[in-house]
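In what follows, a structure is listed as structure tokens, so that the remarks can point back to it.
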Amino acid sequence: MSSSGLDTTDTPARVRAPQLRAGAWLNVAEPLSLDALRGRFVLLDFWTSCCGNCLHVLDELRPLEAEYADVLTVVGVHSPKFPHEALPSTVAAAIERYGVAHPVLNDPELLLWQQYAVRAWPTLVLIDPEGYLVAQAAGEGHVPALATRLAALVAEHEARGTLRRGPGPVVVDRATTGTLRYPAGALLLPAERTGRDAATLLVADAGHHQLAELTADGGSELRRIGTGTRGRRDGSADSAEFAEPNGLALLPAGRAPFDVLVADTANHVLRGVRLTDGAVVATLDLPAALAGTATVTGPIPAVLSPWDVAWWPARNRAVVAAAGVHLLLEVDPASGATDVLAGTTVEGVRDGAAADAWLAQPSGLAVDGERVWFVDAESSALRYVTADRTVHTAVGEGLFDFGHVDGPANNARLQHPLGLAVLPDGSLALADTYNGALRRYDPGTDTVTTLARGLAEPADVIVVGGAPVVVESAAHRIVRPTVAAEDVAGPAVQTNRPPVAVRAGRVELTVAFDVPDGRALDDRYGPATRLSVSASPTGILSSGAGESQQLHRTLQVTGSGVLQVVAQVASCDDDPAVEHPACHLTRQDWGVPVVIDPDGTDVLRLVLLG
């Protein structure tokens, strides 16, 4: 082990990639096999549709797929976290929703996940034209390094005569058509703000990359904002461009030179829309505003995925749910000044002072006086932050605990909720997305009930005329459900990922990171590497928890549970001819379930990039 913390052991013998298993293939007419793909590079993308970081990687892969279309086949291996995601219909909808243009294998039992020793969403595995493993990377941000490696390997295999150029598998196009396509959020616009005769609905039509203004009953379309082409451009209503817009917030009149803030999720920015003419007149660049901002775990990554936005009068700021980095942000819409409101970028559930709290893909927001309520999608939790910057959890247990359970809040369970709204009586309506339900939390009695079931991935809920109106995303519509309160007593469930069998006692943990070609570790401002280890329950580690600079740690494991490992590496392009080289922060969180077994391993090796 070098002082950098990198794994410097000898390169192992070549390992042949496990065969792709038979299963439900999507986006192609026939199942694929590595034998049939011999002569081409294959890049496996282990992903799941609920994972924001996985969606970032889908975007990262698009230019790589285009550049190497004649030698590279990308295969998505859908490895679900939640039961809802294991359904073929859910996978098909996710492929369509996010524009996945390569073959996808649904692996609901995580069989390939186990064969390839995958430990985290997302993970990329590169296979060469002879069927051997050549690289693996966990997390996002690795595609440029893989592209550099791929360019060298293409030249090598072409020289050896083992490369076969030509078109890849034909991808089947199954695009949905209709007025709305995977709508993600909605906002009630008062007539006095639009100049119309009555209130209207503004809908984030994510699948069309547009905003749609509808009559209040959702029945008639009044106008469109955006061309419908995925992009990032300010301008008039018929020339502006969005990329998967989600949340919407109406600002107080005169607070900014626009009326509505839009969470333009795949662009990682906020957009300002003027209601008089529908023009997109401002882009608030959140990554630029946060550049250089430090948290307890280092600089904030630029891939923020703002999912929702809400106006908070108590602090005279807009609040942004930055799902991609597990943060809540505060934004001054007039100046664009942006600060962290809550979170550290570590994914998890930890309450207390907002600056130290852990969040887990915060999504929908709702403001109730001194509190901003939010749903943490990845921990299936309902939480809130107060004006004095303290985070509390009302419903939810941990990253892998979920279900459809009503009753007292401490026992209630949700499944990947994405939206919420404050009802007239002060209770909250929740779009419990993967349960296909509308739920209600009553802060007065601290209980959860179910208001409606059978909804197709409800993504948001708003209040119109005192009643909840749901954005039914997978049904491509806005609906006012029939409310019939009931108590559902389903089981409390935990995500069933294959655990790693380890011996009780000493376990050597190593995070492997090979510095990509053309880069060098960046230790100008301190150590280039950092490793953080914790556990749930905390008692399963008698020693080894905490932070250090080395990517290696000796653990003393005393019981079964989940090891939470966070590793990050800072590096910069190593070109002496460039005065200001580009720098990169590579970071990944692993939640590794472990079980004590006398025959288990005493070595746990996680691959960040190797």
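Please note that chains go A, B, ... in the order of the structure tokens, that every chain numbers its residues from 1, and that ligands are numbered from 1 in the order shown.
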Next on the checklist: List the spatial neighbours of Thr229 of chain A as a PyMOL selection string - criterion: any atom at most 12 Å away, only C-alpha atoms, same-chain residues fewer than 4 positions off excluded.
Outcome noted: chain A and resi 206-211+225+233+238-244
Next on the checklist: Would you pick out the contacts of Pro468 of chain A at 8 Å or less, using only C-alpha atoms, so that residues sharing its chain but fewer than 3 positions from it are not included, and give the list as a PyMOL selection string?
Outcome noted: chain A and resi 423+429+461-464+480-481
How would the residues just picked look written out with all heavy atoms as an mmCIF file, in the first residue's frame?
data_model
loop_
_atom_site.group_PDB
_atom_site.id
_atom_site.type_symbol
_atom_site.label_atom_id
_atom_site.label_comp_id
_atom_site.auth_asym_id
_atom_site.auth_seq_id
_atom_site.Cartn_x
_atom_site.Cartn_y
_atom_site.Cartn_z
ATOM 1 N N LEU A 423 -51.988 19.768 3.241
ATOM 2 C CA LEU A 423 -53.435 19.833 3.072
ATOM 3 C C LEU A 423 -54.020 20.957 3.940
ATOM 4 O O LEU A 423 -53.359 21.445 4.862
ATOM 5 C CB LEU A 423 -54.054 18.489 3.450
ATOM 6 C CG LEU A 423 -53.664 17.307 2.541
ATOM 7 C CD1 LEU A 423 -54.164 15.992 3.128
ATOM 8 C CD2 LEU A 423 -54.211 17.512 1.129
ATOM 9 N N ALA A 429 -50.117 15.279 2.434
ATOM 10 C CA ALA A 429 -50.420 14.248 1.451
ATOM 11 C C ALA A 429 -49.125 13.859 0.759
ATOM 12 O O ALA A 429 -48.364 14.723 0.323
ATOM 13 C CB ALA A 429 -51.430 14.758 0.423
ATOM 14 N N VAL A 461 -48.017 15.706 -5.739
ATOM 15 C CA VAL A 461 -49.387 15.977 -5.315
ATOM 16 C C VAL A 461 -49.487 17.465 -4.998
ATOM 17 O O VAL A 461 -48.569 18.048 -4.411
ATOM 18 C CB VAL A 461 -49.794 15.098 -4.111
ATOM 19 C CG1 VAL A 461 -48.831 15.269 -2.962
ATOM 20 C CG2 VAL A 461 -51.216 15.374 -3.671
ATOM 21 N N ILE A 462 -50.574 18.093 -5.434
ATOM 22 C CA ILE A 462 -50.852 19.495 -5.116
ATOM 23 C C ILE A 462 -52.287 19.581 -4.606
ATOM 24 O O ILE A 462 -53.047 18.611 -4.695
ATOM 25 C CB ILE A 462 -50.651 20.417 -6.325
ATOM 26 C CG1 ILE A 462 -51.612 20.043 -7.461
ATOM 27 C CG2 ILE A 462 -49.211 20.374 -6.814
ATOM 28 C CD1 ILE A 462 -51.597 21.030 -8.626
ATOM 29 N N VAL A 463 -52.638 20.726 -4.077
ATOM 30 C CA VAL A 463 -53.989 20.929 -3.548
ATOM 31 C C VAL A 463 -54.734 21.895 -4.456
ATOM 32 O O VAL A 463 -54.260 23.013 -4.709
ATOM 33 C CB VAL A 463 -53.936 21.465 -2.109
ATOM 34 C CG1 VAL A 463 -55.348 21.732 -1.587
ATOM 35 C CG2 VAL A 463 -53.219 20.473 -1.190
ATOM 36 N N VAL A 464 -55.883 21.473 -4.952
ATOM 37 C CA VAL A 464 -56.734 22.300 -5.813
ATOM 38 C C VAL A 464 -58.151 22.263 -5.229
ATOM 39 O O VAL A 464 -58.734 21.186 -5.081
ATOM 40 C CB VAL A 464 -56.750 21.788 -7.267
ATOM 41 C CG1 VAL A 464 -57.680 22.646 -8.113
ATOM 42 C CG2 VAL A 464 -55.341 21.779 -7.846
ATOM 43 N N ARG A 480 -57.572 13.541 -10.125
ATOM 44 C CA ARG A 480 -58.091 13.795 -8.787
ATOM 45 C C ARG A 480 -58.632 12.465 -8.257
ATOM 46 O O ARG A 480 -59.734 12.047 -8.619
ATOM 47 C CB ARG A 480 -59.204 14.842 -8.817
ATOM 48 C CG ARG A 480 -59.696 15.280 -7.431
ATOM 49 C CD ARG A 480 -60.919 16.186 -7.550
ATOM 50 N NE ARG A 480 -60.608 17.466 -8.153
ATOM 51 C CZ ARG A 480 -60.373 18.592 -7.485
ATOM 52 N NH1 ARG A 480 -60.432 18.588 -6.168
ATOM 53 N NH2 ARG A 480 -60.117 19.719 -8.116
ATOM 54 N N PRO A 481 -57.867 11.762 -7.415
ATOM 55 C CA PRO A 481 -58.282 10.419 -7.000
ATOM 56 C C PRO A 481 -59.464 10.462 -6.038
ATOM 57 O O PRO A 481 -59.670 11.441 -5.320
ATOM 58 C CB PRO A 481 -57.038 9.861 -6.310
ATOM 59 C CG PRO A 481 -56.337 11.074 -5.781
ATOM 60 C CD PRO A 481 -56.596 12.159 -6.792
#
Next on the checklist: Need to verify the contact set: Gly218 of chain A, 12 Å, only C-alpha atoms, exclusion of same-chain residues closer than 2 positions in sequence. Can you return it as a VMD selection string?
Outcome noted: chain A and resid 179 to 180 186 to 188 199 to 203 212 to 216 220 to 222 464 469 to 472 476 to 480
Item to check | For atom CA of Leu150 of chain A and atom CA of Arg605 of chain A, the interatomic separation in Å (one decimal) | outcome: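 Value for the atom CA of Leu150 of chain A-atom CA of Arg605 of chain A distance: 24.0 Å.
Of the residues listed (A:His142, A:Arg453, A:Arg21, A:Arg255), A:His142 shows the shortest atom-to-atom separation from Phe513 of chain A; distances use only C-alpha atoms.
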Checklist entry - Hey, what does DSSP flag as strand (DSSP E or B) within segment 326-553 of chain A? Can you give it to me as a ChimeraX atom specification? => result /A:327-331,338-342,347,350,352-353,358-359,362-368,371-376,381-386,390-395,401-405,407-408,413,419-422,428-432,437-442,447-452,458-464,467-472,477-479,486,489-494,500-502,505-513,519-521,529-536,541-543,546-548,552-553
Checklist outcome for this item: Judged by only C-alpha atoms, the minimum distance to Val340 of chain A among A:Leu61, A:Leu365, A:Ile300, A:Ala86 is found for A:Ile300
Checklist entry - Quick one: residues within 9 Å of Arg389 of chain A, only C-alpha atoms counted, chain neighbours fewer than 4 positions away excluded, as a list of chain:residue names? => result A:Leu341, A:Ala342, A:Gly352, A:Ala353, A:Ala354, A:Ala355, A:Val385
Item to check | Residue nearest Leu261 of chain A among A:Leu327, A:Val607, A:Val319, A:Val375 (counting only C-alpha atoms) | outcome: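 For Leu261 of chain A, the nearest of the candidates is A:Val319.
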Next on the checklist: Ranking A:Pro108, A:Gly141, A:Pro593, A:Pro103 by minimum distance to Val172 of chain A and counting only C-alpha atoms, which one comes first?
Outcome noted: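 Between A:Pro108, A:Gly141, A:Pro593, A:Pro103, the residue approaching Val172 of chain A most closely is A:Pro103.
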Checklist entry - Of the residues A:Gly539, A:Ala337, A:Val562, A:Pro443, which is the one nearest to Phe400 of chain A, using only C-alpha atoms? => result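 That would be A:Val562, the residue with the smallest distance to Phe400 of chain A.
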Next on the checklist: Just want the 8 Å neighbourhood of Val74 of chain A, counted on only C-alpha atoms, with same-chain residues fewer than 5 positions away dropped. Output as a list in words.
Outcome noted: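 The neighbour list is Val42, Leu43, Leu44, Asp45, Glu65, His102 and Pro103 of chain A.
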Who sits within 10 Å of Thr265 of chain A, only C-alpha atoms, same chain under 5 positions skipped, as a CSV table (one decimal) with N, CA, C and O atoms, in the first residue's frame:
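Written out: out_30.csv:
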chain,number,residue,atom,x,y,z
A,206,ALA,N,-42.0,16.1,-18.0
A,206,ALA,CA,-40.5,15.8,-18.1
A,206,ALA,C,-40.2,15.0,-19.3
A,206,ALA,O,-39.2,15.2,-19.9
A,242,PHE,N,-35.5,22.6,-22.2
A,242,PHE,CA,-35.3,22.0,-20.9
A,242,PHE,C,-34.7,20.6,-21.0
A,242,PHE,O,-34.7,20.0,-22.1
A,243,ALA,N,-34.3,20.0,-19.9
A,243,ALA,CA,-33.9,18.6,-19.9
A,243,ALA,C,-34.5,17.9,-18.6
A,243,ALA,O,-34.0,18.1,-17.5
A,244,GLU,N,-35.6,17.2,-18.8
A,244,GLU,CA,-36.3,16.5,-17.7
A,244,GLU,C,-36.7,17.5,-16.6
A,244,GLU,O,-36.3,17.2,-15.4
A,245,PRO,N,-37.5,18.5,-16.8
A,245,PRO,CA,-37.9,19.4,-15.7
A,245,PRO,C,-38.8,18.6,-14.7
A,245,PRO,O,-39.6,17.7,-15.1
A,246,ASN,N,-38.6,19.0,-13.4
A,246,ASN,CA,-39.4,18.3,-12.4
A,246,ASN,C,-40.2,19.2,-11.5
A,246,ASN,O,-41.4,19.5,-11.8
A,247,GLY,N,-39.6,19.8,-10.5
A,247,GLY,CA,-40.3,20.6,-9.5
A,247,GLY,C,-40.5,22.1,-10.0
A,247,GLY,O,-39.8,22.6,-10.8
A,270,LEU,N,-31.5,25.7,-12.1
A,270,LEU,CA,-32.9,26.2,-12.0
A,270,LEU,C,-33.1,27.2,-13.2
A,270,LEU,O,-32.2,27.9,-13.6
A,303,VAL,N,-22.9,17.5,-10.2
A,303,VAL,CA,-24.1,16.8,-10.8
A,303,VAL,C,-25.1,16.7,-9.7
A,303,VAL,O,-25.2,15.8,-8.9
A,304,LEU,N,-25.9,17.8,-9.6
A,304,LEU,CA,-26.8,18.0,-8.4
A,304,LEU,C,-28.2,17.4,-8.5
A,304,LEU,O,-28.8,17.1,-7.5
A,305,SER,N,-28.7,17.2,-9.8
A,305,SER,CA,-30.1,16.8,-10.0
A,305,SER,C,-31.1,17.5,-9.1
A,305,SER,O,-31.7,16.9,-8.2
A,306,PRO,N,-31.3,18.8,-9.2
A,306,PRO,CA,-32.3,19.4,-8.5
A,306,PRO,C,-33.7,18.8,-8.8
A,306,PRO,O,-34.1,18.9,-10.0
A,307,TRP,N,-34.4,18.3,-7.8
A,307,TRP,CA,-35.6,17.5,-8.1
A,307,TRP,C,-36.9,18.4,-7.8
A,307,TRP,O,-37.9,18.3,-8.5
A,308,ASP,N,-36.8,19.2,-6.8
A,308,ASP,CA,-38.0,20.1,-6.5
A,308,ASP,C,-37.5,21.4,-6.0
A,308,ASP,O,-36.3,21.5,-5.6
A,322,ALA,N,-31.7,19.0,-3.8
A,322,ALA,CA,-30.6,18.5,-4.7
A,322,ALA,C,-30.4,17.0,-4.5
A,322,ALA,O,-29.6,16.6,-3.7
A,323,ALA,N,-31.3,16.2,-5.2
A,323,ALA,CA,-31.3,14.8,-5.0
A,323,ALA,C,-30.0,14.1,-5.3
A,323,ALA,O,-29.6,13.2,-4.6
A,324,GLY,N,-29.3,14.6,-6.3
A,324,GLY,CA,-28.1,13.9,-6.7
A,324,GLY,C,-26.9,14.0,-5.8
A,324,GLY,O,-26.0,13.2,-5.8
